[in-house]
Structure formats: structure tokens, C-alpha cells
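Below: one structure, written as C-alpha cells.
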4 protein chains.
Amino acid sequence: MIIVLKPNVTKQQFDHVLDRIKALGLKPMVSKGTERTIIGVIGPEDALRSQPLEVIPGVEKVMPVLKPYKLVSREFKPESTVISINGIKVGGKELVVMAGPCSVENRKMLFETAKAVKRAGAQILRGGAFKPRTSPYAFQGLREDGLKLLREAAKATGMSVVTELLDVRDMKAVERYADIIQIGARNMQNFELLKEVGLSRKPILLKRGLSATINEFLLAAEYILSQGNFNVILCERGIRTFETATRFTLDLSAIPVIKKLSHLPIVVDPSHGVGAWDLVGPMAKAAVAAGADGLLIEVHPNPEVALSDGPQSLLPKNFAILMKETRKVAQAVGRTL
Amino acid sequence: MIIVLKPNVTKQQFDHVLDRIKALGLKPMVSKGTERTIIGVIGPEDALRSQPLEVIPGVEKVMPVLKPYKLVSREFKPESTVISINGIKVGGKELVVMAGPCSVENRKMLFETAKAVKRAGAQILRGGAFKPRTSPYAFQGLREDGLKLLREAAKATGMSVVTELLDVRDMKAVERYADIIQIGARNMQNFELLKEVGLSRKPILLKRGLSATINEFLLAAEYILSQGNFNVILCERGIRTFETATRFTLDLSAIPVIKKLSHLPIVVDPSHGVGAWDLVGPMAKAAVAAGADGLLIEVHPNPEVALSDGPQSLLPKNFAILMKETRKVAQAVGRTL
Amino acid sequence: MIIVLKPNVTKQQFDHVLDRIKALGLKPMVSKGTERTIIGVIGPEDALRSQPLEVIPGVEKVMPVLKPYKLVSREFKPESTVISINGIKVGGKELVVMAGPCSVENRKMLFETAKAVKRAGAQILRGGAFKPRTSPYAFQGLREDGLKLLREAAKATGMSVVTELLDVRDMKAVERYADIIQIGARNMQNFELLKEVGLSRKPILLKRGLSATINEFLLAAEYILSQGNFNVILCERGIRTFETATRFTLDLSAIPVIKKLSHLPIVVDPSHGVGAWDLVGPMAKAAVAAGADGLLIEVHPNPEVALSDGPQSLLPKNFAILMKETRKVAQAVGRTL
Amino acid sequence: MIIVLKPNVTKQQFDHVLDRIKALGLKPMVSKGTERTIIGVIGPEDALRSQPLEVIPGVEKVMPVLKPYKLVSREFKPESTVISINGIKVGGKELVVMAGPCSVENRKMLFETAKAVKRAGAQILRGGAFKPRTSPYAFQGLREDGLKLLREAAKATGMSVVTELLDVRDMKAVERYADIIQIGARNMQNFELLKEVGLSRKPILLKRGLSATINEFLLAAEYILSQGNFNVILCERGIRTFETATRFTLDLSAIPVIKKLSHLPIVVDPSHGVGAWDLVGPMAKAAVAAGADGLLIEVHPNPEVALSDGPQSLLPKNFAILMKETRKVAQAVGRTL
């Protein structure tokens with residue numbers, strides 16, 4: 001059972017709820033977030049069912065534990081969540097586009113890319129400063145220098161920044177420079193990292209794991225919400241199958257499934273999903289047609305020399321075409337871009 | 001090496017080509033189709049490379065065997081194939097919609113469904129008379145009675161018929177009543193069946209196997225073309241993955257990949273792909289946005305009592321909504337519906 | 001509900017059972033096999049539950065339809081099935097080994113291989129006369145000539161023959177020359193072929209489909225048993241996964257799972273499972289340790305020039321080593337080889 | 001290119017190597033481990049090929065970057081690695097067995113389990129103090145209290161301890177109490193954690209990710225070795241497939257594949273692989289027959305009340321049977337247990 005306390009609960013009310021739970025022989029697990037406090041109750045729940053916990057002052061909601069995830073579910077919050085980032089709204093009628101290079105490589109390429117994607121209509125600049133690479137010998141990112149460059153490029157172009165956090169020890173640095181903190185696919189079940197970003201006030205972009213079921217994806221998001229951070233943007237980026245013609249298999253059916261199950265916004269990363277730049281456009285349009293709330297697109301001014309993910313990066317001019325074509329599809333499904 | 005002979009090749013020319021091949025110490029494999037004769041050559045190909053086989057009278061084209069599939073490839077035929085069925089064109093600017101019940105259950109339900117889908121804009125009536133069922137105890141179809149009902153319902157509504165062939169022994173019956181012969185996913189590598197329909201003049205709708213790679217899918221189509229039947233419509237209908245929230249995972253990236261590799265038209269069956277009626281609409285729109293040439297949709301007037309695939313069948317009124325919404329997406333990507 | 005009639009049921013008793021079923025407003029589906037007649041009953045089963053159908057003369061067993069497969073289940077037949085083929089027992093304490101080339105290529109290589117595998121301890125000669133090839137341009141087998149060669153080689157060495165049937169039209173020829181009829185992985189859900197071999201008296205070797213669940217695998221076997229042929233040997237041969245280091249992923253856990261669910265014997269084909277000859281030995285030993293009732297191994301006197309599956313074929317001398325090593329593992333788990 | 005320096009390289013020699021690399025216009029990436037220093041060289045490698053770097057004093061080996069992983073490969077070290085842990089050897093003729101509960105729940109159950117598994121022949125006690133749970137509301141482990149209990153139980157029974165590390169911030173605590181540090185499947189590509197344990201002197205048990213290819217698995221191990229820790233034990237624990245009859249699909253073919261590619265020892269965890277206690281025994285025997293260097297087995301005195309993984313935990317008496325039966329298979333393949 002999950003007990004969600006009101007944002008303005010007093011210390012006295014809080015203690016009273018805990019006392020009631022303990023008096024019933026149950027164990028409360030308290031998660032104090034920056035916005036809300038949530039109490040998980042472990043134990044034989046039948047004892048609680050008849051108790052009018054919901055009428056105790058300070059309690060907002062009491063939810064039985066029928067589904068594995070609670071706070072991310074539409075049962076908990078029927079209306080879709082809209083997250084605001086510097087005036088940009090994620091989850092509303094307008095689609096959000098996050099574009100930029102896979103890795104921040106240097107100032108020149110970053111500023112060039114930022115200007116180009118901004119001009120084409122992207123609102124958020126993406127770029128990796130800490131890079132999770134399959135090989136230890138591959139380029140690992142510019143680290144804090146990369147974060148600073150992102151911030152500067154965003155400032156120069158009037159954009160916001162999304163970038164990946166790999167390590168709890170870099171939390172403060174990423175929080176300082178980023179507007180949205182990304183948790184990558186390979187860390188979707190790095191639960192310590194999820195708990196850490198659950199304590200942040202920044203919105204989190206959570207990518208689906210390479211072989212994560214939708215159920216596990218929503219439970220990973222639940223880790224973040226259970227710490228008090230309700231600003232989670234889900235991201236489908238392709239799952240692993242036997243097919244080798246594409247890098248991964250983009251599971252677009254996850255979009256309508258998740259829209260049924262959860263109130264959280266969901267965006268799609270076709271670049272990683274397909275792994276080849278000339279397939280990105282069709283899949284971006286398909287994602288929007290399926291109901292995605294936005295896109296994550298890799299753009300590079302010179303893909304052949306990119307330090308990572310060159311084959312799937314779009315040239316700025318092709319990104320502009322993608323935006324133009326996707327805009328039409330967005331309008332066809334009642335959205336704007 | 002594949003030698004494609006001209007449609008009007010004479011017996012004398014044909015024998016001359018064979019003689020030349022044998023004279024080089026190679027073994028010709030002859031496939032005589034209704035439209036064309038193709039000769040596969042097995043042996044050390046270098047011997048042939050310098051031979052000016054292409055100039056022998058009766059020879060249309062000589063193709064080296066670099067890719068595993070030949071006749072289905074864009075190298076063989078750069079322009080996209082458009083297949084005509086009673087005036088309907090598959091692979092052109094206009095999208096084709098094949099709709100109807102999973103199984104033909106009885107006259108009443110079939111006519112009711114046919115009228116409804118025709119009214120909403122479908123051009124082709126789908127329905128199974130021979131049903132491939134996982135369990136031997138499940139409804140196996142009305143067989144030839146079902147074929148006759150399909151023909152009658154199509155005639156009454158001015159539609160064409162697509163229906164599945166399971167057994168080479170039913171070939172004549174299916175060929176008599178159907179306008180398009182469907183090869184189901186579970187038979188995609190039933191090579192004897194593929195060869196059989198390769199000898200037909202009817203267009204073939206070939207569904208991708210549950211775990212077939214795109215390469216294997218195109219090779220299955222190659223079996224049909226190699227027998228002389230070039231009228232093959234490919235159909236993506238979902239592949240098997242670890243995800244259990246949907247019946248299969250609809251691989252929409254197969255559309256742009258296949259458009260690059262092959263000249264054949266490709267349609268999408270979102271009903272089987274997702275297995276839940278309320279996910280069919282978003283995926284139909286996504287398929288069209290990704291570049292599909294048409295859709296295959298299951299519609300049933302009373303899904304709860306359907307003898308097969310009830311959960312994924314749309315009510316006629318919901319199918320009409322799907323058509324209306326998908327039409328907008330079609331227009332957004334420069335197609336009509 | 002499944003009603004199994006006694007082998008010696010009279011016409012009168014049979015008609016009486018049908019009458020009783022119809023009198024209850026239900027529809028009987030009769031499967032007359034060579035050994036037994038089975039009646040599937042479709043309709044609201046509650047009506048039948050109170051009826052003492054089991055006491056009607058001629059009825060052997062009445063089974064409620066709780067599990068999807070009936071006749072293959074351990075509930076239906078608790079003791080393990082042992083199938084006799086010319087004195088060889090499959091499913092008993094002694095393991096069975098079926099070995100030989102992928103394809104029958106010519107008399108010389110077949111006889112050479114047969115002698116070698118017999119000498120090393122194999123009891124059954126395997127070899128393909130009809131070959132299901134991914135490409136229409138690949139070697140398709142010697143067809144009936146190949147069947148005759150198999151029979152001759154088996155006679156000369158005192159072995160039995162297992163070979164694949166691809167097409168219902170070749171049923172009589174295969175039945176004439178083979179002791180065991182193989183249904184390949186790509187035909188596991190070719191239900192018309194399954195029904196056809198269900199009418200044969202020959203034992204059937206049924207290979208698991210590339211992406212078939214164990215549940216579907218057992219239902220495919222049920223198709224054969226439901227036609228009256230209870231002599232089915234299951235064969236695990238690898239499933240399709242994302243891993244590319246092996247041709248397929250051999251699912252050895254299917255062995256103990258199937259032993260729990262079904263009374264049918266199960267053998268393993270490590271050659272196709274791994275696709276590389278030097279991995280065959282370890283996986284053969286692992287299969288036996290996991291409880292397999294036998295092995296299917298590809299052997300070729302000259303793998304480099306094999307017309308199919310060369311990379312996974314063992315040289316006769318390496319097959320002899322495999323037999324010697326596997327024998328020790330067999331003894332360690334209480335079996336003989 | 002990877003340059004491995006000798007263990008006793010001097011500061012002067014080290015600087016000289018760096019100077020030479022820079023003089024060639026290349027960028028050295030230095031990884032200083034506790035045992036060795038390794039230099040990765042990024043840049044156009046042709047420049048280096050002709051340079052006699054290997055003769056510079058202090059350089060042990062120079063490896064071209066043909067394969068993605070270097071230090072874990074058999075090319076780098078042809079003889080199999082044997083890792084010593086308190087006198088136990090992992091990777092030698094004798095198999096190692098790590099057994100114990102999924103989670104450390106309390107002192108009583110842990111000591112009871114430890115005594116039982118020790119008596120049956122296990123050398124290493126396994127148990128989770130930090131638990132990576134799919135749901136934030138599931139039991140997360142006793143944390144440092146659990147580590148202390150593990151140490152005490154190991155001391156009392158004369159065993160060694162393997163336990164999982166989830167968070168770099170717990171590194172010191174885990175290093176203090178554990179003999180082997182486990183990196184779980186969900187963290188196989190948590191590269192920051194891999195680098196951290198690469199700096200430890202403790203042996204690392206690295207579990208294969210749920211959808212990691214063997215190539216990625218070896219690259220994850222490479223992260224650890226590249227930091228200087230060469231004591232890595234690989235662990236196959238099941239991959240994710242479409243099959244739902246088992247929790248995962250245990251990929252035993254990974255054992256002979258990895259034995260070909262790498263010198264590192266590999267053990268198998270059949271408990272997680274299958275997810276059902278009665279399938280653990282057959283798969284443990286199969287793993288040993290396939291060439292595994294050891295086993296990881298979950299044992300619980302009372303599986304029905306286990307706080308995690310109850311269904312796949314063996315009762316102590318069944319674990320004793322497993323050990324007895326597996327010993328016979330070990331002997332059949334020339335190993336001891």
C-alpha cells in the first residue's frame with residue numbers, strides 16, 4: 001500500500017500517520033522527496049483495508065498495491081502529466097524536439113550543430129559529456145568540460161540542455177549545467193542512480209533498457225517518482241531482437257501501451273533505434289503518428305568523422321527536412337511542432 | 001548467377017543458352033514460370049564472367065550472385081513495382097486497405113462486415129476460410145464453403161478478395177475464388193507452398209515470419225519470383241520479442257529498410273502485430289507515416305463472440321474512425337486513401 | 001473436452017457416443033487415426049461435466065480442456081513414452097543417436113558417412129533428400145533418388161533412416177523409404193503437414209520452430225497425436241535470439257521443462273543449435289546431462305565441400321571422439337549409449 | 001593499439017613511452033591499475049606499426065586493435081586464467097560452487113544455509129546485502145548489516161564470501177567484507193562501476209547482462225582488466241528470449257564460445273537462468289558437462305517465505321542431491337567437485 005501525503009503536510013500530521021501504521025503492526029517506508037512525502041507500507045495489507053487512513057489530516061491518497069507500479073500509473077493520476085522546462089511543455093499539444101550530437105566533441109561542432117537544430121525548430125540541445133561506451137578504449141566524453149560547453153551553446157542559442165548522468169558522483173555537476181538529466185538505456189535498472197535522480201528537482205529523461213519490458217520500464221520510473229521527483233519523461237529507443245538490418249528494433253507500440261498505463265509523457269529516439277541516418281526520418285514520422293510527445297534526434301555537421309554514432313547522425317540540412325515533414329504528420333494527428 | 005530470359009524467348013534461343021552454359025562446365029537450373037523463364041547457374045562463376053551471355057538472343061538480363069536475393073532487389077529493378085488487382089493499384093500513390101474478419105464464420109457476419117468496411121473505404125475484403133490454428137481443437141475454418149462466401153460478399157459489395165492458402169492441395173480452389181492469395185507468417189518458409197504460388201498468375205500477399213529476418217523475408221519472396229510470379233506484396237505483421245504487453249512487436253523500421261532493398265510493395269497488419277483493438281489505430285497511422293503501401297485490418301461486427309482473434313478486431317464504427325484518421329496521415333506524407 | 005475412444009471401439013458404440021454429444025447440444029469433431037479415434041467437443045462444457053460419458057462402452061478417457069494440449073500431456077499419460085524403431089528404443093534408458101550428413105549428396109559420401117557413424121555407435125542414419133533452403137538458388141536435394149540412397153546405405157550398415165518431409169505430395173515416397181519422418185523447424189506450424197503425418201504409422205521426429213514457445217511446440221505435437229499417431233519424438237534445435245556468436249541459441253532448459261509437461265521423448269540437435277563444429281561436442285554432452293533422450297548430429301567426410309551446413313558438420317573422427325566423451329556423461333546420469 | 005607495461009616499469013621508462021607516442025602525433029590513454037599500467041593509443045595506428053615500441057624498456061606487450069577486446073582475449077594470454085581465493089582455485093580442474101540465499105534476511109537463516117551448503121561441498125557463500133529489485137517497494141536488502149552477517153557466517157563455516165556491489169559509494173564496505181565482489185546482470189554495462197572494481201585487488205564475479213551479446217560481455221570484462229584488475233570470473237545467468245516457460249533462457253553455448261575467445265574462467269548460475277527450483281539440477285549438470293568452471297546456486301531453508309527468489313531456491317536437502325549428481329558429471333568430463 002502506498003500513502004501519498006499532501007504537499008503541505010505538517011510534521012505533527014506526518015508523525016500521526018506513522019503512529020497509526022505502526023499501531024497496526026506494519027512497517028512504514030518513508031520516501032521524502034522535494035515535493036511530496038510518500039509512505040510505502042509493507043506487511044499484511046488486509047489489516048489496513050478497513051482503516052480510514054485517507055481521512056487522516058495530511059493524507060492525500062491511499063492506494064492498494066494491485067499493480068506493481070503505483071505513482072506512474074493512470075489509476076493514480078488520470079490526467080496526462082505536462083512537464084515545464086524553461087517555458088517548454090513536454091506532454092502537451094506541442095511536440096518537443098531534442099536534437100544535437102551524440103557526444104560533445106568540441107566547441108566548434110557543438111555551436112554549429114546547436115545553431116542549426118535551433119533554426120530548424122528544436123527546443124532542447126542534446127549532447128553527451130559522459131559517454132557510456134561498450135569499449136573502454138572508445139572516446140569517453142569531455143566530462144565536465146563538455147557540460148560547460150553544452151551550457152554555453154544552449155545560452156547562445158536560447159535552448160535548454162539534456163545530457164546523460166552515468167555516475168552518482170557526477171550528480172551535482174550535471175544538475176548544475178543541465179535542464180533535463182538523462183538516464184541512459186544501459187542504466188535503466190541502475191537503481192541507485194534512479195534513487196539519486198529521484199531526489200533532484202530537475203526533470204529526468206529515462207530511456208528504456210535494451211531488453212526491458214514495458215512493465216520494468218514503468219517500475220524504473222516508479223523508483224524516481226517514489227523519491228519525490230514526479231517530472232519523468234519516458235523515452236523509447238529500440239529493443240534488442242534477432243533482426244540485424246537495424247541496430248535495434250524501435251518498439252513504437254510501446255507508445256500507445258504506455259499512454260494507456262501511465263500519465264507520464266513519452267518521447268522517441270529513432271536515431272538509436274535504427275542506427276542508420278536514412279531510416280531516421282520515416283521512423284520519426286511514425287513515432288509522431290503513433291502518439292509520441294516528442295523526438296530525440298542525433299545531428300552532426302560531419303557524421304563521417306563523429307567520435308560516436310556517426311552512421312545514425314543526420315546532417316543539419318537533412319534534420320531540417322525531417323522537421324518539415326514531421327510537422328505535417330504532427331498536424332495530421334492534432335499536434336503542433 | 002541468374003539469367004533472366006525475355007518473355008518471348010523461343011525454344012531455339014532457350015536451348016542455345018542452355019548449351020552455352022553446359023559447354024562452360026556449369027549446371028543450369030531452369031525455372032519456367034507463366035511469365036518468364038529464369039536460369040540459375042551453379043558452379044565457378046568466374047568462367048562465366050567474361051562470356052557475353054547478355055548478347056545471346058532471348059536473354060534479358062544476367063545478374064551476378066552478390067546478394068542472396070536477386071529478382072526482388074532494387075538492383076534488379078530500380079523502379080517500385082505497382083500491382084494491379086481489378087483496377088486497384090498496390091504500390092502506387094494511393095494506399096490499399098484490406099479489411100474484414102479473421103475467419104469467415106457465416107454469411108450474415110461476413111456480409112455485414114464487408115458492407116461496413118467497403119463503406120468506410122476499404123477496397124479489398126480479407127477473411128480466412130482455411131485457418132492455421134495453434135491448437136488442433138480450435139476452429140479450423142469453413143474451407144471451400146468459406147471461399148464461396150467470400151466471393152459472394154465481394155461481388156455484392158464490389159470488392160476484391162484476399163484469403164490464405166495453407167495447403168498445396170487447396171491451390172486450385174483458392175485460386176478460383178481469391179484475387180490475392182495470402183501466405184501466412186507460419187508458412188513463410190514453407191518453400192513448397194512458395195514454389196506453388198510462384199506458378200500462379202494471381203498476386204501473392206506474403207506475410208513475414210514470426211522470427212524471420214528481413215533478409216529471409218526477401219528470400220522467401222525470391223522463391224515466388226524465381227518461379228515467374230512477380231506480383232508479390234510483402235506484409236509486416238509483427239515479430240516475436242521478449243515483450244509481453246503486445247502479442248508481437250510490430251517492426252515498422254522494416255518498411256524503410258525494405259523500400260531501400262526491394263522494389264516490391266509492402267503493407268502492414270497492425271491487428272496481428274499488437275493483438276489489442278485499441279492499439280490498432282495508432283499503429284495503423286504509424287505504419288502509413290513510415291511509408292507503408294497499405295494496411296490489413298481485422299474487423300468484426302461482434303468481437304466478443306468471434307471464433308478467432310476477437311480481442312484484436314475492431315468494431316465497424318471504430319474501423320471507420322481509423323480510416324478517417326489514417327487518411328489525414330496519408331495526406332501528410334503525400335499519399336491518398 | 002477430449003474424448004478418447006478405445007482402440008477396439010465398435011461402430012455402434014461410436015455412433016452412440018456421437019448421439020449423446022449431439023443430444024446435449026454440442027458439436028463433436030472426430031479425428032479417426034490408424035490407432036485410435038478421438039472426439040473433440042466444442043461448446044459449453046459445463047453441460048457435459050455432469051454426464052457420465054466415461055462409462056459409455058467404447059470410451060477410454062474423457063479429459064477436461066484445462067491445458068491447451070491434451071494427448072501429449074503427462075496428465076493424460078503419466079509414464080514416459082518409449083518408441084520402438086526396428087528394435088531401437090527412443091525414450092528408454094539407452095540414448096539414441098541419429099547421425100549423418102545434412103544433405104544426401106551422392107552415393108560415395110553417404111556410404112562413407114554411414115559406415116563411420118555406425119562404427120562409432122550411431123543407430124540411425126540421418127540425411128536430407130528434400131532440403132528446405134533459405135535461398136531458391138541453393139541446392140534443394142536429390143529428392144526421391146536421395147531417399148533410395150538413404151535406404152541402401154541404411155541396409156548396408158544395419159541402420160534405420162530418418163529424413164525430412166517437406167510436402168504432403170511426397171508423403172508416400174518418404175513413408176516408403178524412411179523409418180522416422182522428420183518435420184523440420186520451419187514446418188513446425190505447417191498444420192496440414194502435421195495432420196498428414198498424424199495419419200501415418202511411422203514415428204515422427206518433430207523439430208521445434210525457430211521462435212516457437214514450448215507451449216506451441218507441444219501443441220504442434222498435439223496435432224499429430226490428435227490424428228492418431230502417438231509416436232512423436234520431440235527435437236530441440238535452437239531458438240532465435242539476439243546473440244550472433246552462435247547460429248541459434250540451444251535452449252537446453254526446454255528438456256527438463258518438457259519432461260515435466262509431456263510423456264514424449266525429446267532429443268537434441270546441437271549441430272544446428274550452434275552452427276560451428278567445435279561447439280557441437282560440449283553441447284552434446286550438456287544435452288545428455290540435462291536429460292535428453294538422444295542426439296541428432298551432422299557428420300560429413302569433407303565438410304569444406306559440403307553442399308549445405310559444412311561449418312557445423314563433424315569429421316567422422318571427431319564424431320567418434322564425441323561419442324566416446326558423451327558416453328561417459330550418459331553413464332554419469334544413469335543412461336547408456 | 002594497447003601497450004601493456006611490465007609490472008616493474010620505472011617512472012623514467014613510463015615517461016619515455018609516453019613521449020614516443022606523443023612524438024608520433026598520437027594520444028595516449030593511461031590506465032594505472034594496482035598491478036599493471038596499460039596505455040591505450042587513439043589515432044591513426046599505421047603510424048605506429050613500424051615503430052619498434054615493444055623493444056622500449058618497460059614495455060611488456062604491444063597489441064594491435066583488431067578485436068574489440070584485448071586483455072580478456074586468448075590472443076593476449078593463451079593459457080587459461082586460474083584465480084585463487086583463500087586457497088580456492090577458480091578456473092582449474094576443480095569446480096567451484098558458490099551457494100547460499102538470494103538475500104541475507106537474518107542471522108538464523110543465513111547461518112543455517114551456510115552450514116548446509118558447506119556440508120554439501122560448496123566452497124563460497126553467496127548472499128545479497130544490497131539487492132537490485134525491479135520494484136522500489138520490494139525488500140532492498142540489509143545493506144552493511146547484511147555484509148557483516150555474511151562475514152560472520154563465512155568465518156563460522158570456513159567459507160569465502162561473494163556478494164553484490166550496486167553503488168560506487170558502497171565500494172569500501174563491500175571490499176572490506178567480501179572475498180569476491182559481484183557485479184550483477186543489470187549493472188553489466190554500468191561502466192563507472194566496472195572501472196571502480198577494476199581498481200580493486202579483489203576478484204570480480206561479472207554477470208552477463210540480460211540481453212548482452214558475448215562480445216559485449218567480454219568488453220565489459222575488458223573495462224575491469226583495463227584498470228589493472230585481471231581477476232575476473234565471468235558468469236552466464238540466462239538471457240532474455242520470447243520463451244516464457246522459464247524465467248530466462250540459459251545460454252550454455254556461451255561456455256564453449258567464451259572458452260575459445262577468452263582466458264577468463266566462467267561459471268553458471270542456473271537458479272536465475274531457469275527460475276524454478278526443479279529445473280536447477282538438470283541445468284547445473286548440463287553447465288558442468290558443457291565445460292563451466294563452477295556454479296552459483298540459490299539455497300534457502302524455507303523457500304516459501306523467502307523475501308526474494310523463493311521459487312528458484314533449493315532446499316538444503318535438494319542442494320545436497322544436486323551436488324552428489326553433479327559430481328558424477330564433473331568426473332565424466334575430467335573435473336573434480
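Residue names in the C-alpha cells use chain letters A, B, ... in the order shown, residue numbers from 1 in each chain, and ligand numbers from 1 in the order shown.
Contacts from chain C to chain A at a cut-off of 8 Å (only C-alpha atoms) map to C:Arg240, C:Thr241, C:Phe242, C:Glu243.
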Prev. selection, C-alpha atoms, output as an mmCIF file, in the first residue's frame:
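selection_16.cif was written with the following content:
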```cif
data_model
loop_
_atom_site.group_PDB
_atom_site.id
_atom_site.type_symbol
_atom_site.label_atom_id
_atom_site.label_comp_id
_atom_site.auth_asym_id
_atom_site.auth_seq_id
_atom_site.Cartn_x
_atom_site.Cartn_y
_atom_site.Cartn_z
ATOM 1 C CA ARG C 240 16.416 -17.406 -32.339
ATOM 2 C CA THR C 241 17.817 -14.723 -30.047
ATOM 3 C CA PHE C 242 19.871 -11.550 -30.362
ATOM 4 C CA GLU C 243 23.134 -13.491 -29.885
#
```
Could you give me, as a PyMOL selection string, each residue of range 6-200 of chain D that DSSP assigns to alpha helix (DSSP H) when run on this structure's backbone? chain D and resi 11-23+46-49+107-120+144-157+171-177+191-198
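Counting only C-alpha atoms and comparing A:Ile224, A:Leu307, A:Met63, A:Leu24, the residue that lies closest to Gly40 in chain A is A:Met63.
CA of Arg201 in chain A sits 17.1 Å away from CA of Asn8 in chain A.
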If you run DSSP on the backbone, which residues of range 70-319 of chain B are strand (DSSP E or B), as a PyMOL selection string? chain B and resi 73+83-85+88-90+94+96-100+103+124-126+128+160-164+180-183+204-207+232-236+239+249+262+266-268+294-299+314
Generate a file of the selected residues that holds C-alpha atoms, formatted as a PDB file, in the first residue's frame.
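What landed in result26.pdb:
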```pdb
ATOM      1  CA  SER B  73      16.180  -6.464 -55.267  1.00  0.00           C
ATOM      2  CA  ILE B  83       0.495  -4.379 -58.817  1.00  0.00           C
ATOM      3  CA  SER B  84      -2.962  -4.079 -60.367  1.00  0.00           C
ATOM      4  CA  ILE B  85      -5.891  -6.042 -58.949  1.00  0.00           C
ATOM      5  CA  ILE B  88      -6.840  -1.317 -57.583  1.00  0.00           C
ATOM      6  CA  LYS B  89      -3.149  -0.444 -57.598  1.00  0.00           C
ATOM      7  CA  VAL B  90      -0.872  -1.673 -54.822  1.00  0.00           C
ATOM      8  CA  GLU B  94      -2.987   5.511 -53.276  1.00  0.00           C
ATOM      9  CA  VAL B  96      -4.719  -0.036 -50.284  1.00  0.00           C
ATOM     10  CA  VAL B  97      -6.797  -1.223 -47.316  1.00  0.00           C
ATOM     11  CA  MET B  98      -7.678  -4.887 -46.866  1.00  0.00           C
ATOM     12  CA  ALA B  99     -10.219  -5.350 -44.097  1.00  0.00           C
ATOM     13  CA  GLY B 100     -12.583  -7.975 -42.798  1.00  0.00           C
ATOM     14  CA  SER B 103     -12.241 -16.049 -40.039  1.00  0.00           C
ATOM     15  CA  ILE B 124     -10.228  -5.499 -50.521  1.00  0.00           C
ATOM     16  CA  LEU B 125     -12.107  -7.965 -48.312  1.00  0.00           C
ATOM     17  CA  ARG B 126      -9.974 -10.173 -46.101  1.00  0.00           C
ATOM     18  CA  GLY B 128      -9.858 -16.756 -43.566  1.00  0.00           C
ATOM     19  CA  SER B 160     -11.753  -7.907 -54.263  1.00  0.00           C
ATOM     20  CA  VAL B 161     -10.808 -10.874 -52.065  1.00  0.00           C
ATOM     21  CA  VAL B 162      -7.615 -11.817 -50.242  1.00  0.00           C
ATOM     22  CA  THR B 163      -7.556 -15.136 -48.383  1.00  0.00           C
ATOM     23  CA  GLU B 164      -4.963 -17.556 -47.072  1.00  0.00           C
ATOM     24  CA  ILE B 180      -4.918 -12.230 -53.927  1.00  0.00           C
ATOM     25  CA  ILE B 181      -3.525 -15.399 -52.350  1.00  0.00           C
ATOM     26  CA  GLN B 182      -2.142 -14.947 -48.869  1.00  0.00           C
ATOM     27  CA  ILE B 183       0.787 -16.940 -47.496  1.00  0.00           C
ATOM     28  CA  ILE B 204       0.559 -13.091 -53.611  1.00  0.00           C
ATOM     29  CA  LEU B 205       0.411 -11.438 -50.183  1.00  0.00           C
ATOM     30  CA  LEU B 206       3.436 -12.805 -48.318  1.00  0.00           C
ATOM     31  CA  LYS B 207       3.484 -12.302 -44.553  1.00  0.00           C
ATOM     32  CA  VAL B 232       4.263 -10.190 -54.615  1.00  0.00           C
ATOM     33  CA  ILE B 233       3.009  -7.862 -51.876  1.00  0.00           C
ATOM     34  CA  LEU B 234       5.075  -8.077 -48.695  1.00  0.00           C
ATOM     35  CA  CYS B 235       3.359  -7.762 -45.302  1.00  0.00           C
ATOM     36  CA  GLU B 236       4.947  -6.842 -41.953  1.00  0.00           C
ATOM     37  CA  ILE B 239       7.958 -10.232 -34.847  1.00  0.00           C
ATOM     38  CA  THR B 249       6.309  -6.375 -31.722  1.00  0.00           C
ATOM     39  CA  SER B 262      13.460  -4.114 -52.809  1.00  0.00           C
ATOM     40  CA  ILE B 266       4.858  -3.566 -48.506  1.00  0.00           C
ATOM     41  CA  VAL B 267       1.729  -3.387 -46.385  1.00  0.00           C
ATOM     42  CA  VAL B 268       1.303  -3.659 -42.617  1.00  0.00           C
ATOM     43  CA  GLY B 294      -1.367  -0.250 -47.353  1.00  0.00           C
ATOM     44  CA  LEU B 295      -2.965  -1.863 -44.321  1.00  0.00           C
ATOM     45  CA  LEU B 296      -4.541  -5.160 -43.355  1.00  0.00           C
ATOM     46  CA  ILE B 297      -7.130  -4.684 -40.600  1.00  0.00           C
ATOM     47  CA  GLU B 298      -9.331  -7.153 -38.745  1.00  0.00           C
ATOM     48  CA  VAL B 299     -12.928  -6.018 -38.323  1.00  0.00           C
ATOM     49  CA  LEU B 314     -12.228  -3.542 -34.485  1.00  0.00           C
TER      50      LEU B 314
END
```
Leu194 in chain D environment, 9 Å, only C-alpha atoms, sequence neighbours closer than 5 positions dropped, as a ChimeraX atom specification: /D:183,187-189,199,220-221,223-224,227
With N, CA and C atoms retained, write the just-selected residues as a compact mmCIF listing (two decimals), in the first residue's frame.
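File written: part-v4.txt
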```
# COMPACT_ATOMS: atom_id res chain seq x y z
N ILE D 183 29.31 -8.16 -9.72
CA ILE D 183 28.61 -7.13 -10.49
C ILE D 183 27.43 -7.83 -11.15
N ASN D 187 23.83 -4.41 -14.03
CA ASN D 187 24.91 -3.44 -13.99
C ASN D 187 26.07 -3.81 -14.91
N MET D 188 25.87 -4.79 -15.78
CA MET D 188 26.99 -5.23 -16.62
C MET D 188 27.52 -4.11 -17.49
N GLN D 189 26.66 -3.15 -17.84
CA GLN D 189 27.15 -2.01 -18.61
C GLN D 189 27.08 -0.72 -17.81
N LEU D 199 39.78 -1.12 -10.11
CA LEU D 199 40.86 -0.58 -9.28
C LEU D 199 41.06 -1.39 -8.01
N ALA D 220 32.74 -5.74 -21.38
CA ALA D 220 32.50 -5.29 -20.01
C ALA D 220 33.63 -5.78 -19.11
N ALA D 221 34.05 -7.04 -19.31
CA ALA D 221 35.19 -7.56 -18.55
C ALA D 221 36.44 -6.76 -18.87
N TYR D 223 36.68 -3.67 -19.47
CA TYR D 223 36.70 -2.45 -18.65
C TYR D 223 37.44 -2.70 -17.33
N ILE D 224 37.16 -3.85 -16.71
CA ILE D 224 37.77 -4.16 -15.41
C ILE D 224 39.26 -4.43 -15.58
N GLN D 227 41.66 -1.52 -16.11
CA GLN D 227 42.03 -0.72 -14.94
C GLN D 227 43.08 -1.42 -14.10
```
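A straight line drawn from CA of Pro301 in chain B to CA of His272 in chain B is 17.6 Å long.
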